[in-house]
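Participant: Provided below: final19.txt, containing compact mmCIF, N, CA and C atoms.
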# COMPACT_ATOMS: atom_id res chain seq x y z
N MET A 300 -44.86 70.28 -77.75
CA MET A 300 -44.37 71.56 -77.30
C MET A 300 -43.81 71.42 -75.90
N LEU A 301 -42.71 72.08 -75.65
CA LEU A 301 -42.08 72.01 -74.35
C LEU A 301 -42.88 72.79 -73.32
N PRO A 302 -42.90 72.34 -72.07
CA PRO A 302 -43.57 73.10 -71.03
C PRO A 302 -42.91 74.46 -70.83
N LYS A 303 -43.63 75.40 -70.29
CA LYS A 303 -43.12 76.76 -70.12
C LYS A 303 -41.90 76.81 -69.22
N LYS A 304 -41.82 75.92 -68.24
CA LYS A 304 -40.67 75.93 -67.33
C LYS A 304 -39.38 75.52 -68.04
N ASN A 305 -39.50 74.86 -69.19
CA ASN A 305 -38.33 74.41 -69.94
C ASN A 305 -37.96 75.34 -71.09
N ARG A 306 -38.67 76.44 -71.25
CA ARG A 306 -38.37 77.38 -72.32
C ARG A 306 -37.68 78.62 -71.75
N VAL A 307 -36.92 79.29 -72.60
CA VAL A 307 -36.20 80.50 -72.21
C VAL A 307 -36.98 81.71 -72.74
N ASP A 308 -37.22 82.70 -71.86
CA ASP A 308 -37.93 83.90 -72.32
C ASP A 308 -36.95 84.88 -72.99
N ARG A 309 -37.50 85.90 -73.61
CA ARG A 309 -36.69 86.83 -74.42
C ARG A 309 -35.68 87.62 -73.59
N SER A 310 -36.07 88.06 -72.41
CA SER A 310 -35.15 88.86 -71.59
C SER A 310 -33.96 88.01 -71.13
N THR A 311 -34.21 86.77 -70.76
CA THR A 311 -33.12 85.88 -70.37
C THR A 311 -32.22 85.58 -71.55
N LEU A 312 -32.81 85.40 -72.73
CA LEU A 312 -32.01 85.11 -73.92
C LEU A 312 -31.11 86.30 -74.27
N ALA A 313 -31.62 87.52 -74.18
CA ALA A 313 -30.81 88.70 -74.45
C ALA A 313 -29.65 88.80 -73.46
N PHE A 314 -29.91 88.47 -72.22
CA PHE A 314 -28.86 88.48 -71.19
C PHE A 314 -27.81 87.42 -71.49
N LEU A 315 -28.25 86.23 -71.90
CA LEU A 315 -27.32 85.13 -72.16
C LEU A 315 -26.43 85.40 -73.37
N LEU A 316 -27.00 85.93 -74.42
CA LEU A 316 -26.23 86.15 -75.63
C LEU A 316 -25.14 87.21 -75.45
N ALA A 317 -25.25 88.03 -74.42
CA ALA A 317 -24.22 89.01 -74.12
C ALA A 317 -23.07 88.39 -73.31
N ARG A 318 -23.29 87.22 -72.75
CA ARG A 318 -22.27 86.54 -71.93
C ARG A 318 -21.50 85.53 -72.76
N LYS A 319 -20.40 85.07 -72.20
CA LYS A 319 -19.59 84.04 -72.84
C LYS A 319 -20.21 82.67 -72.52
N PRO A 320 -20.38 81.81 -73.53
CA PRO A 320 -21.00 80.51 -73.27
C PRO A 320 -20.05 79.56 -72.55
N LEU A 321 -20.63 78.58 -71.91
CA LEU A 321 -19.85 77.56 -71.23
C LEU A 321 -19.27 76.56 -72.22
N MET A 322 -20.08 76.12 -73.18
CA MET A 322 -19.65 75.18 -74.21
C MET A 322 -20.35 75.50 -75.52
N VAL A 323 -19.67 75.17 -76.63
CA VAL A 323 -20.25 75.36 -77.96
C VAL A 323 -19.93 74.11 -78.78
N ALA A 324 -20.93 73.61 -79.48
CA ALA A 324 -20.74 72.49 -80.40
C ALA A 324 -21.57 72.76 -81.64
N GLN A 325 -21.05 72.34 -82.78
CA GLN A 325 -21.82 72.55 -84.01
C GLN A 325 -21.52 71.46 -85.01
N ASN A 326 -22.48 71.28 -85.89
CA ASN A 326 -22.31 70.40 -87.04
C ASN A 326 -22.82 71.15 -88.26
N ASP A 327 -23.10 70.46 -89.33
CA ASP A 327 -23.49 71.13 -90.58
C ASP A 327 -24.81 71.89 -90.46
N HIS A 328 -25.71 71.42 -89.62
CA HIS A 328 -27.06 71.99 -89.59
C HIS A 328 -27.35 72.87 -88.38
N ILE A 329 -26.87 72.48 -87.22
CA ILE A 329 -27.25 73.15 -85.97
C ILE A 329 -26.01 73.49 -85.15
N ARG A 330 -26.04 74.65 -84.50
CA ARG A 330 -25.02 75.01 -83.53
C ARG A 330 -25.69 75.07 -82.17
N MET A 331 -25.10 74.40 -81.18
CA MET A 331 -25.67 74.36 -79.84
C MET A 331 -24.73 75.10 -78.89
N VAL A 332 -25.28 76.06 -78.17
CA VAL A 332 -24.52 76.84 -77.20
C VAL A 332 -25.10 76.54 -75.83
N VAL A 333 -24.23 76.26 -74.86
CA VAL A 333 -24.67 75.86 -73.53
C VAL A 333 -24.23 76.91 -72.51
N TYR A 334 -25.16 77.30 -71.66
CA TYR A 334 -24.90 78.25 -70.58
C TYR A 334 -25.28 77.61 -69.26
N LYS A 335 -24.61 78.03 -68.19
CA LYS A 335 -24.93 77.55 -66.84
C LYS A 335 -26.09 78.37 -66.31
N ASP A 336 -27.07 77.69 -65.69
CA ASP A 336 -28.24 78.34 -65.13
C ASP A 336 -28.30 78.02 -63.64
N VAL A 337 -28.06 79.00 -62.79
CA VAL A 337 -28.02 78.75 -61.36
C VAL A 337 -29.39 78.90 -60.70
N GLN A 338 -30.36 79.48 -61.41
CA GLN A 338 -31.66 79.73 -60.81
C GLN A 338 -32.62 78.55 -60.93
N HIS A 339 -32.43 77.68 -61.90
CA HIS A 339 -33.37 76.59 -62.14
C HIS A 339 -32.66 75.25 -62.02
N ASP A 340 -33.41 74.24 -61.61
CA ASP A 340 -32.82 72.91 -61.44
C ASP A 340 -33.25 71.95 -62.55
N HIS A 341 -33.68 72.48 -63.68
CA HIS A 341 -34.07 71.65 -64.81
C HIS A 341 -33.48 72.27 -66.08
N PRO A 342 -33.28 71.48 -67.12
CA PRO A 342 -32.73 72.06 -68.35
C PRO A 342 -33.75 72.95 -69.04
N ARG A 343 -33.25 74.02 -69.67
CA ARG A 343 -34.10 74.94 -70.41
C ARG A 343 -33.57 75.06 -71.83
N PHE A 344 -34.48 75.32 -72.78
CA PHE A 344 -34.12 75.29 -74.19
C PHE A 344 -34.62 76.53 -74.92
N CYS A 345 -33.89 76.86 -76.00
CA CYS A 345 -34.29 77.96 -76.88
C CYS A 345 -33.87 77.58 -78.30
N PHE A 346 -34.73 77.89 -79.28
CA PHE A 346 -34.46 77.57 -80.67
C PHE A 346 -34.50 78.86 -81.48
N ILE A 347 -33.45 79.07 -82.28
CA ILE A 347 -33.37 80.29 -83.08
C ILE A 347 -33.18 79.90 -84.54
N ALA A 348 -34.16 80.29 -85.36
CA ALA A 348 -34.09 80.10 -86.81
C ALA A 348 -34.07 81.49 -87.44
N PRO A 349 -32.94 81.92 -87.99
CA PRO A 349 -32.83 83.30 -88.49
C PRO A 349 -33.71 83.56 -89.70
N LYS A 350 -34.21 84.76 -89.74
CA LYS A 350 -35.10 85.16 -90.82
C LYS A 350 -34.36 85.32 -92.14
N LYS A 351 -33.06 85.59 -92.09
CA LYS A 351 -32.28 85.72 -93.31
C LYS A 351 -32.14 84.39 -94.05
N LYS A 352 -32.08 83.30 -93.32
CA LYS A 352 -31.90 81.98 -93.95
C LYS A 352 -33.22 81.30 -94.25
N TYR A 353 -34.22 81.54 -93.41
CA TYR A 353 -35.54 80.93 -93.58
C TYR A 353 -36.55 82.05 -93.74
N LYS A 354 -36.88 82.39 -94.96
CA LYS A 354 -37.70 83.56 -95.26
C LYS A 354 -39.14 83.45 -94.76
N HIS A 355 -39.69 82.24 -94.81
CA HIS A 355 -41.10 82.05 -94.47
C HIS A 355 -41.25 81.67 -93.00
N ALA A 356 -42.19 82.32 -92.33
CA ALA A 356 -42.45 82.04 -90.92
C ALA A 356 -42.91 80.60 -90.71
N VAL A 357 -43.59 80.07 -91.69
CA VAL A 357 -44.08 78.69 -91.58
C VAL A 357 -42.90 77.72 -91.43
N THR A 358 -41.84 77.96 -92.19
CA THR A 358 -40.66 77.09 -92.12
C THR A 358 -39.94 77.25 -90.79
N ARG A 359 -39.81 78.49 -90.33
CA ARG A 359 -39.14 78.72 -89.04
C ARG A 359 -39.89 78.04 -87.90
N HIS A 360 -41.20 78.18 -87.88
CA HIS A 360 -42.00 77.56 -86.82
C HIS A 360 -41.99 76.04 -86.93
N LEU A 361 -41.98 75.52 -88.14
CA LEU A 361 -41.91 74.07 -88.33
C LEU A 361 -40.60 73.51 -87.78
N LEU A 362 -39.49 74.19 -88.04
CA LEU A 362 -38.21 73.74 -87.50
C LEU A 362 -38.21 73.75 -85.98
N LYS A 363 -38.75 74.80 -85.40
CA LYS A 363 -38.78 74.90 -83.94
C LYS A 363 -39.67 73.82 -83.33
N ARG A 364 -40.82 73.56 -83.95
CA ARG A 364 -41.71 72.51 -83.45
C ARG A 364 -41.08 71.14 -83.55
N ARG A 365 -40.45 70.86 -84.68
CA ARG A 365 -39.81 69.55 -84.86
C ARG A 365 -38.66 69.36 -83.88
N CYS A 366 -37.90 70.40 -83.66
CA CYS A 366 -36.78 70.31 -82.73
C CYS A 366 -37.28 70.10 -81.31
N SER A 367 -38.30 70.82 -80.91
CA SER A 367 -38.81 70.66 -79.55
C SER A 367 -39.45 69.29 -79.34
N SER A 368 -40.11 68.76 -80.37
CA SER A 368 -40.69 67.43 -80.22
C SER A 368 -39.61 66.35 -80.17
N SER A 369 -38.51 66.54 -80.87
CA SER A 369 -37.43 65.56 -80.78
C SER A 369 -36.71 65.65 -79.44
N LEU A 370 -36.71 66.84 -78.82
CA LEU A 370 -36.11 66.97 -77.50
C LEU A 370 -36.94 66.30 -76.43
N GLU A 371 -38.25 66.33 -76.58
CA GLU A 371 -39.11 65.69 -75.59
C GLU A 371 -38.85 64.20 -75.50
N LYS A 372 -38.49 63.58 -76.61
CA LYS A 372 -38.22 62.14 -76.61
C LYS A 372 -36.90 61.81 -75.92
N GLY A 373 -35.89 62.69 -76.06
CA GLY A 373 -34.59 62.44 -75.45
C GLY A 373 -34.28 63.40 -74.33
N TYR A 374 -35.28 63.75 -73.54
CA TYR A 374 -35.15 64.76 -72.50
C TYR A 374 -34.16 64.36 -71.41
N GLY A 375 -34.01 63.08 -71.15
CA GLY A 375 -33.12 62.62 -70.08
C GLY A 375 -31.65 62.80 -70.38
N CYS A 376 -31.27 63.05 -71.61
CA CYS A 376 -29.87 63.21 -71.99
C CYS A 376 -29.30 64.57 -71.59
N PHE A 377 -30.15 65.52 -71.30
CA PHE A 377 -29.70 66.87 -71.00
C PHE A 377 -29.48 67.02 -69.50
N LYS A 378 -28.43 67.74 -69.14
CA LYS A 378 -28.08 67.92 -67.74
C LYS A 378 -28.93 69.01 -67.11
N LYS A 379 -29.22 68.85 -65.85
CA LYS A 379 -30.03 69.82 -65.12
C LYS A 379 -29.20 71.05 -64.79
N GLY A 380 -29.86 72.21 -64.80
CA GLY A 380 -29.18 73.44 -64.44
C GLY A 380 -28.42 74.09 -65.59
N TYR A 381 -28.75 73.73 -66.82
CA TYR A 381 -28.11 74.32 -67.99
C TYR A 381 -29.16 74.86 -68.95
N ILE A 382 -28.76 75.85 -69.73
CA ILE A 382 -29.62 76.40 -70.79
C ILE A 382 -28.99 76.03 -72.12
N TYR A 383 -29.76 75.41 -72.99
CA TYR A 383 -29.30 74.99 -74.31
C TYR A 383 -29.96 75.87 -75.36
N VAL A 384 -29.13 76.55 -76.16
CA VAL A 384 -29.63 77.41 -77.23
C VAL A 384 -29.23 76.78 -78.55
N PHE A 385 -30.22 76.51 -79.41
CA PHE A 385 -29.99 75.89 -80.70
C PHE A 385 -30.15 76.93 -81.80
N PHE A 386 -29.11 77.10 -82.62
CA PHE A 386 -29.15 78.00 -83.77
C PHE A 386 -29.17 77.12 -85.03
N PHE A 387 -30.16 77.32 -85.88
CA PHE A 387 -30.20 76.59 -87.14
C PHE A 387 -29.27 77.29 -88.12
N GLN A 388 -28.22 76.59 -88.54
CA GLN A 388 -27.15 77.18 -89.34
C GLN A 388 -27.51 77.33 -90.81
N SER A 389 -27.52 76.23 -91.50
CA SER A 389 -27.75 76.26 -92.94
C SER A 389 -29.13 75.71 -93.24
N LYS A 390 -29.43 75.59 -94.49
CA LYS A 390 -30.74 75.09 -94.87
C LYS A 390 -30.94 73.66 -94.37
N VAL A 391 -31.74 73.53 -93.36
CA VAL A 391 -32.06 72.23 -92.79
C VAL A 391 -33.37 71.77 -93.40
N THR A 392 -33.40 70.53 -93.83
CA THR A 392 -34.68 69.98 -94.25
C THR A 392 -35.46 69.70 -92.97
N PRO A 393 -36.69 70.14 -92.89
CA PRO A 393 -37.40 70.01 -91.62
C PRO A 393 -37.92 68.59 -91.36
N SER A 394 -37.09 67.61 -91.64
CA SER A 394 -37.50 66.24 -91.33
C SER A 394 -37.04 65.90 -89.92
N GLN A 395 -37.84 65.16 -89.25
CA GLN A 395 -37.58 64.80 -87.85
C GLN A 395 -36.30 63.99 -87.72
N VAL A 396 -36.02 63.13 -88.69
CA VAL A 396 -34.84 62.26 -88.62
C VAL A 396 -33.56 63.09 -88.68
N THR A 397 -33.51 64.07 -89.57
CA THR A 397 -32.32 64.90 -89.72
C THR A 397 -32.07 65.72 -88.46
N ILE A 398 -33.11 66.31 -87.92
CA ILE A 398 -32.96 67.15 -86.73
C ILE A 398 -32.55 66.31 -85.53
N ARG A 399 -33.18 65.16 -85.34
CA ARG A 399 -32.85 64.30 -84.20
C ARG A 399 -31.41 63.80 -84.28
N ALA A 400 -30.97 63.42 -85.48
CA ALA A 400 -29.60 62.95 -85.66
C ALA A 400 -28.59 64.07 -85.38
N SER A 401 -28.91 65.28 -85.79
CA SER A 401 -28.02 66.42 -85.54
C SER A 401 -27.92 66.70 -84.04
N ILE A 402 -29.04 66.65 -83.35
CA ILE A 402 -29.04 66.92 -81.91
C ILE A 402 -28.28 65.83 -81.17
N ASP A 403 -28.47 64.57 -81.55
CA ASP A 403 -27.73 63.48 -80.91
C ASP A 403 -26.22 63.64 -81.12
N ASP A 404 -25.84 64.05 -82.33
CA ASP A 404 -24.42 64.28 -82.62
C ASP A 404 -23.86 65.38 -81.74
N LEU A 405 -24.59 66.46 -81.58
CA LEU A 405 -24.13 67.57 -80.74
C LEU A 405 -24.05 67.17 -79.27
N LEU A 406 -24.99 66.38 -78.80
CA LEU A 406 -24.96 65.93 -77.40
C LEU A 406 -23.75 65.05 -77.13
N MET A 407 -23.41 64.20 -78.10
CA MET A 407 -22.22 63.35 -77.92
C MET A 407 -20.96 64.22 -77.85
N LYS A 408 -20.88 65.27 -78.67
CA LYS A 408 -19.72 66.17 -78.63
C LYS A 408 -19.63 66.89 -77.29
N ILE A 409 -20.76 67.39 -76.80
CA ILE A 409 -20.77 68.13 -75.53
C ILE A 409 -20.42 67.20 -74.37
N ASN A 410 -21.02 66.02 -74.33
CA ASN A 410 -20.76 65.08 -73.23
C ASN A 410 -19.33 64.57 -73.27
N LYS A 411 -18.74 64.44 -74.44
CA LYS A 411 -17.36 64.00 -74.56
C LYS A 411 -16.42 65.07 -74.02
N ASN A 412 -16.75 66.34 -74.25
CA ASN A 412 -15.90 67.43 -73.77
C ASN A 412 -15.98 67.63 -72.27
N THR A 413 -17.10 67.29 -71.64
CA THR A 413 -17.24 67.50 -70.21
C THR A 413 -16.65 66.36 -69.39
N GLN A 414 -16.41 65.23 -69.99
CA GLN A 414 -15.87 64.10 -69.20
C GLN A 414 -14.37 64.08 -69.18
Here is a file; write its structure as structure tokens.
Facilitator:
Amino acid sequence: MLPKKNRVDRSTLAFLLARKPLMVAQNDHIRMVVYKDVQHDHPRFCFIAPKKKYKHAVTRHLLKRRCSSSLEKGYGCFKKGYIYVFFFQSKVTPSQVTIRASIDDLLMKINKNTQ
């Protein structure tokens, strides 16, 4: 589980979703939206698994846990001062390999666009 300083609270998320994102990248499973965060000097993360696509809470929480654990392993790839919001798009199998590969793919797209 990510430390509290690296998570986004509900009020901040509501504020962010009303604004225009800095960057957006997506693949078949996950869409990643990046916002600039001027208040914090470390990356912050949020995971959203919609109830319409994942009916059971167990599945939604499993996806969020797997995604956060895969982020802890590759934490150095994320830039400081940004908020990363992950939306689970289609039916993702909650395997760690699939989620990690999707996140790596999205990071390569984002880093390619910023250079």
Participant: Point out the residue among A:Arg309, A:Arg399, A:Val384, A:Thr358 with the least atom-to-atom distance to A:Ala324, counting only C-alpha atoms.
Facilitator: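 Looking at the shortest contact to A:Ala324, the residue is A:Val384.
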Participant: Using only N, CA and C atoms, collect all residues at a distance of at most 6.5 Å from (-32.4, 68.7, -79.6) as written in the file, then present them as a ChimeraX atom specification.
Facilitator: /A:366-367,369-370,398-399,402-403
Participant: Which is closer to A:Arg330 than all the others in A:Ile347, A:Leu315, A:Met407, A:Leu361, using only C-alpha atoms?
Facilitator: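 Closest to A:Arg330, using only C-alpha atoms: A:Ile347.
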Participant: Tell me, in Å to one decimal, how far atom N of A:Ser368 is from atom N of A:Phe344.
Facilitator: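 Spanning atom N of A:Ser368 to atom N of A:Phe344 is a straight-line distance of 11.5 Å.
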Participant: Between atom CA of A:Ser389 and atom CA of A:Lys350, what is the distance in Å, rounded to a tenth?
Facilitator: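 Straight-line distance from atom CA of A:Ser389 to atom CA of A:Lys350 works out to 11.7 Å.
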Participant: Going by DSSP on the backbone, which bits of chain A are helix (DSSP H, G or I)? Write them as a PyMOL selection string, please.
Facilitator: chain A and resi 303-305+309-316+356-372+374-376+395-413
Participant: Using the selection just defined, write its residues with N, CA and C atoms as a tab-separated table (two decimals), in the frame of the given file.
Facilitator:
chain	number	residue	atom	x	y	z
A	303	LYS	N	-43.63	75.40	-70.29
A	303	LYS	CA	-43.12	76.76	-70.12
A	303	LYS	C	-41.90	76.81	-69.22
A	304	LYS	N	-41.82	75.92	-68.24
A	304	LYS	CA	-40.67	75.93	-67.33
A	304	LYS	C	-39.38	75.52	-68.04
A	305	ASN	N	-39.50	74.86	-69.19
A	305	ASN	CA	-38.33	74.41	-69.94
A	305	ASN	C	-37.96	75.34	-71.09
A	309	ARG	N	-37.50	85.90	-73.61
A	309	ARG	CA	-36.69	86.83	-74.42
A	309	ARG	C	-35.68	87.62	-73.59
A	310	SER	N	-36.07	88.06	-72.41
A	310	SER	CA	-35.15	88.86	-71.59
A	310	SER	C	-33.96	88.01	-71.13
A	311	THR	N	-34.21	86.77	-70.76
A	311	THR	CA	-33.12	85.88	-70.37
A	311	THR	C	-32.22	85.58	-71.55
A	312	LEU	N	-32.81	85.40	-72.73
A	312	LEU	CA	-32.01	85.11	-73.92
A	312	LEU	C	-31.11	86.30	-74.27
A	313	ALA	N	-31.62	87.52	-74.18
A	313	ALA	CA	-30.81	88.70	-74.45
A	313	ALA	C	-29.65	88.80	-73.46
A	314	PHE	N	-29.91	88.47	-72.22
A	314	PHE	CA	-28.86	88.48	-71.19
A	314	PHE	C	-27.81	87.42	-71.49
A	315	LEU	N	-28.25	86.23	-71.90
A	315	LEU	CA	-27.32	85.13	-72.16
A	315	LEU	C	-26.43	85.40	-73.37
A	316	LEU	N	-27.00	85.93	-74.42
A	316	LEU	CA	-26.23	86.15	-75.63
A	316	LEU	C	-25.14	87.21	-75.45
A	356	ALA	N	-42.19	82.32	-92.33
A	356	ALA	CA	-42.45	82.04	-90.92
A	356	ALA	C	-42.91	80.60	-90.71
A	357	VAL	N	-43.59	80.07	-91.69
A	357	VAL	CA	-44.08	78.69	-91.58
A	357	VAL	C	-42.90	77.72	-91.43
A	358	THR	N	-41.84	77.96	-92.19
A	358	THR	CA	-40.66	77.09	-92.12
A	358	THR	C	-39.94	77.25	-90.79
A	359	ARG	N	-39.81	78.49	-90.33
A	359	ARG	CA	-39.14	78.72	-89.04
A	359	ARG	C	-39.89	78.04	-87.90
A	360	HIS	N	-41.20	78.18	-87.88
A	360	HIS	CA	-42.00	77.56	-86.82
A	360	HIS	C	-41.99	76.04	-86.93
A	361	LEU	N	-41.98	75.52	-88.14
A	361	LEU	CA	-41.91	74.07	-88.33
A	361	LEU	C	-40.60	73.51	-87.78
A	362	LEU	N	-39.49	74.19	-88.04
A	362	LEU	CA	-38.21	73.74	-87.50
A	362	LEU	C	-38.21	73.75	-85.98
A	363	LYS	N	-38.75	74.80	-85.40
A	363	LYS	CA	-38.78	74.90	-83.94
A	363	LYS	C	-39.67	73.82	-83.33
A	364	ARG	N	-40.82	73.56	-83.95
A	364	ARG	CA	-41.71	72.51	-83.45
A	364	ARG	C	-41.08	71.14	-83.55
A	365	ARG	N	-40.45	70.86	-84.68
A	365	ARG	CA	-39.81	69.55	-84.86
A	365	ARG	C	-38.66	69.36	-83.88
A	366	CYS	N	-37.90	70.40	-83.66
A	366	CYS	CA	-36.78	70.31	-82.73
A	366	CYS	C	-37.28	70.10	-81.31
A	367	SER	N	-38.30	70.82	-80.91
A	367	SER	CA	-38.81	70.66	-79.55
A	367	SER	C	-39.45	69.29	-79.34
A	368	SER	N	-40.11	68.76	-80.37
A	368	SER	CA	-40.69	67.43	-80.22
A	368	SER	C	-39.61	66.35	-80.17
A	369	SER	N	-38.51	66.54	-80.87
A	369	SER	CA	-37.43	65.56	-80.78
A	369	SER	C	-36.71	65.65	-79.44
A	370	LEU	N	-36.71	66.84	-78.82
A	370	LEU	CA	-36.11	66.97	-77.50
A	370	LEU	C	-36.94	66.30	-76.43
A	371	GLU	N	-38.25	66.33	-76.58
A	371	GLU	CA	-39.11	65.69	-75.59
A	371	GLU	C	-38.85	64.20	-75.50
A	372	LYS	N	-38.49	63.58	-76.61
A	372	LYS	CA	-38.22	62.14	-76.61
A	372	LYS	C	-36.90	61.81	-75.92
A	374	TYR	N	-35.28	63.75	-73.54
A	374	TYR	CA	-35.15	64.76	-72.50
A	374	TYR	C	-34.16	64.36	-71.41
A	375	GLY	N	-34.01	63.08	-71.15
A	375	GLY	CA	-33.12	62.62	-70.08
A	375	GLY	C	-31.65	62.80	-70.38
A	376	CYS	N	-31.27	63.05	-71.61
A	376	CYS	CA	-29.87	63.21	-71.99
A	376	CYS	C	-29.30	64.57	-71.59
A	395	GLN	N	-37.84	65.16	-89.25
A	395	GLN	CA	-37.58	64.80	-87.85
A	395	GLN	C	-36.30	63.99	-87.72
A	396	VAL	N	-36.02	63.13	-88.69
A	396	VAL	CA	-34.84	62.26	-88.62
A	396	VAL	C	-33.56	63.09	-88.68
A	397	THR	N	-33.51	64.07	-89.57
A	397	THR	CA	-32.32	64.90	-89.72
A	397	THR	C	-32.07	65.72	-88.46
A	398	ILE	N	-33.11	66.31	-87.92
A	398	ILE	CA	-32.96	67.15	-86.73
A	398	ILE	C	-32.55	66.31	-85.53
A	399	ARG	N	-33.18	65.16	-85.34
A	399	ARG	CA	-32.85	64.30	-84.20
A	399	ARG	C	-31.41	63.80	-84.28
A	400	ALA	N	-30.97	63.42	-85.48
A	400	ALA	CA	-29.60	62.95	-85.66
A	400	ALA	C	-28.59	64.07	-85.38
A	401	SER	N	-28.91	65.28	-85.79
A	401	SER	CA	-28.02	66.42	-85.54
A	401	SER	C	-27.92	66.70	-84.04
A	402	ILE	N	-29.04	66.65	-83.35
A	402	ILE	CA	-29.04	66.92	-81.91
A	402	ILE	C	-28.28	65.83	-81.17
A	403	ASP	N	-28.47	64.57	-81.55
A	403	ASP	CA	-27.73	63.48	-80.91
A	403	ASP	C	-26.22	63.64	-81.12
A	404	ASP	N	-25.84	64.05	-82.33
A	404	ASP	CA	-24.42	64.28	-82.62
A	404	ASP	C	-23.86	65.38	-81.74
A	405	LEU	N	-24.59	66.46	-81.58
A	405	LEU	CA	-24.13	67.57	-80.74
A	405	LEU	C	-24.05	67.17	-79.27
A	406	LEU	N	-24.99	66.38	-78.80
A	406	LEU	CA	-24.96	65.93	-77.40
A	406	LEU	C	-23.75	65.05	-77.13
A	407	MET	N	-23.41	64.20	-78.10
A	407	MET	CA	-22.22	63.35	-77.92
A	407	MET	C	-20.96	64.22	-77.85
A	408	LYS	N	-20.88	65.27	-78.67
A	408	LYS	CA	-19.72	66.17	-78.63
A	408	LYS	C	-19.63	66.89	-77.29
A	409	ILE	N	-20.76	67.39	-76.80
A	409	ILE	CA	-20.77	68.13	-75.53
A	409	ILE	C	-20.42	67.20	-74.37
A	410	ASN	N	-21.02	66.02	-74.33
A	410	ASN	CA	-20.76	65.08	-73.23
A	410	ASN	C	-19.33	64.57	-73.27
A	411	LYS	N	-18.74	64.44	-74.44
A	411	LYS	CA	-17.36	64.00	-74.56
A	411	LYS	C	-16.42	65.07	-74.02
A	412	ASN	N	-16.75	66.34	-74.25
A	412	ASN	CA	-15.90	67.43	-73.77
A	412	ASN	C	-15.98	67.63	-72.27
A	413	THR	N	-17.10	67.29	-71.64
A	413	THR	CA	-17.24	67.50	-70.21
A	413	THR	C	-16.65	66.36	-69.39
Participant: What gap, in Å, lies between atom CA of A:Pro302 and atom CA of A:Cys376?
Facilitator: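 Atom-to-atom, atom CA of A:Pro302 and atom CA of A:Cys376 are spaced 16.9 Å apart.
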Participant: Among stretch 321-409 of chain A, which ones does DSSP place in strand (DSSP E), written as a list of chain:residue names?
Facilitator: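 Answer for stretch 321-409 of chain A, restricted to strand (DSSP E): A:Met322, A:Val323, A:Ala324, A:Gln325, A:Ile329, A:Arg330, A:Met331, A:Val332, A:Val333, A:Tyr334, A:Lys335, A:Arg343, A:Phe344, A:Cys345, A:Phe346, A:Ile347, A:Tyr381, A:Ile382, A:Tyr383, A:Val384, A:Phe385, A:Phe386, A:Phe387.
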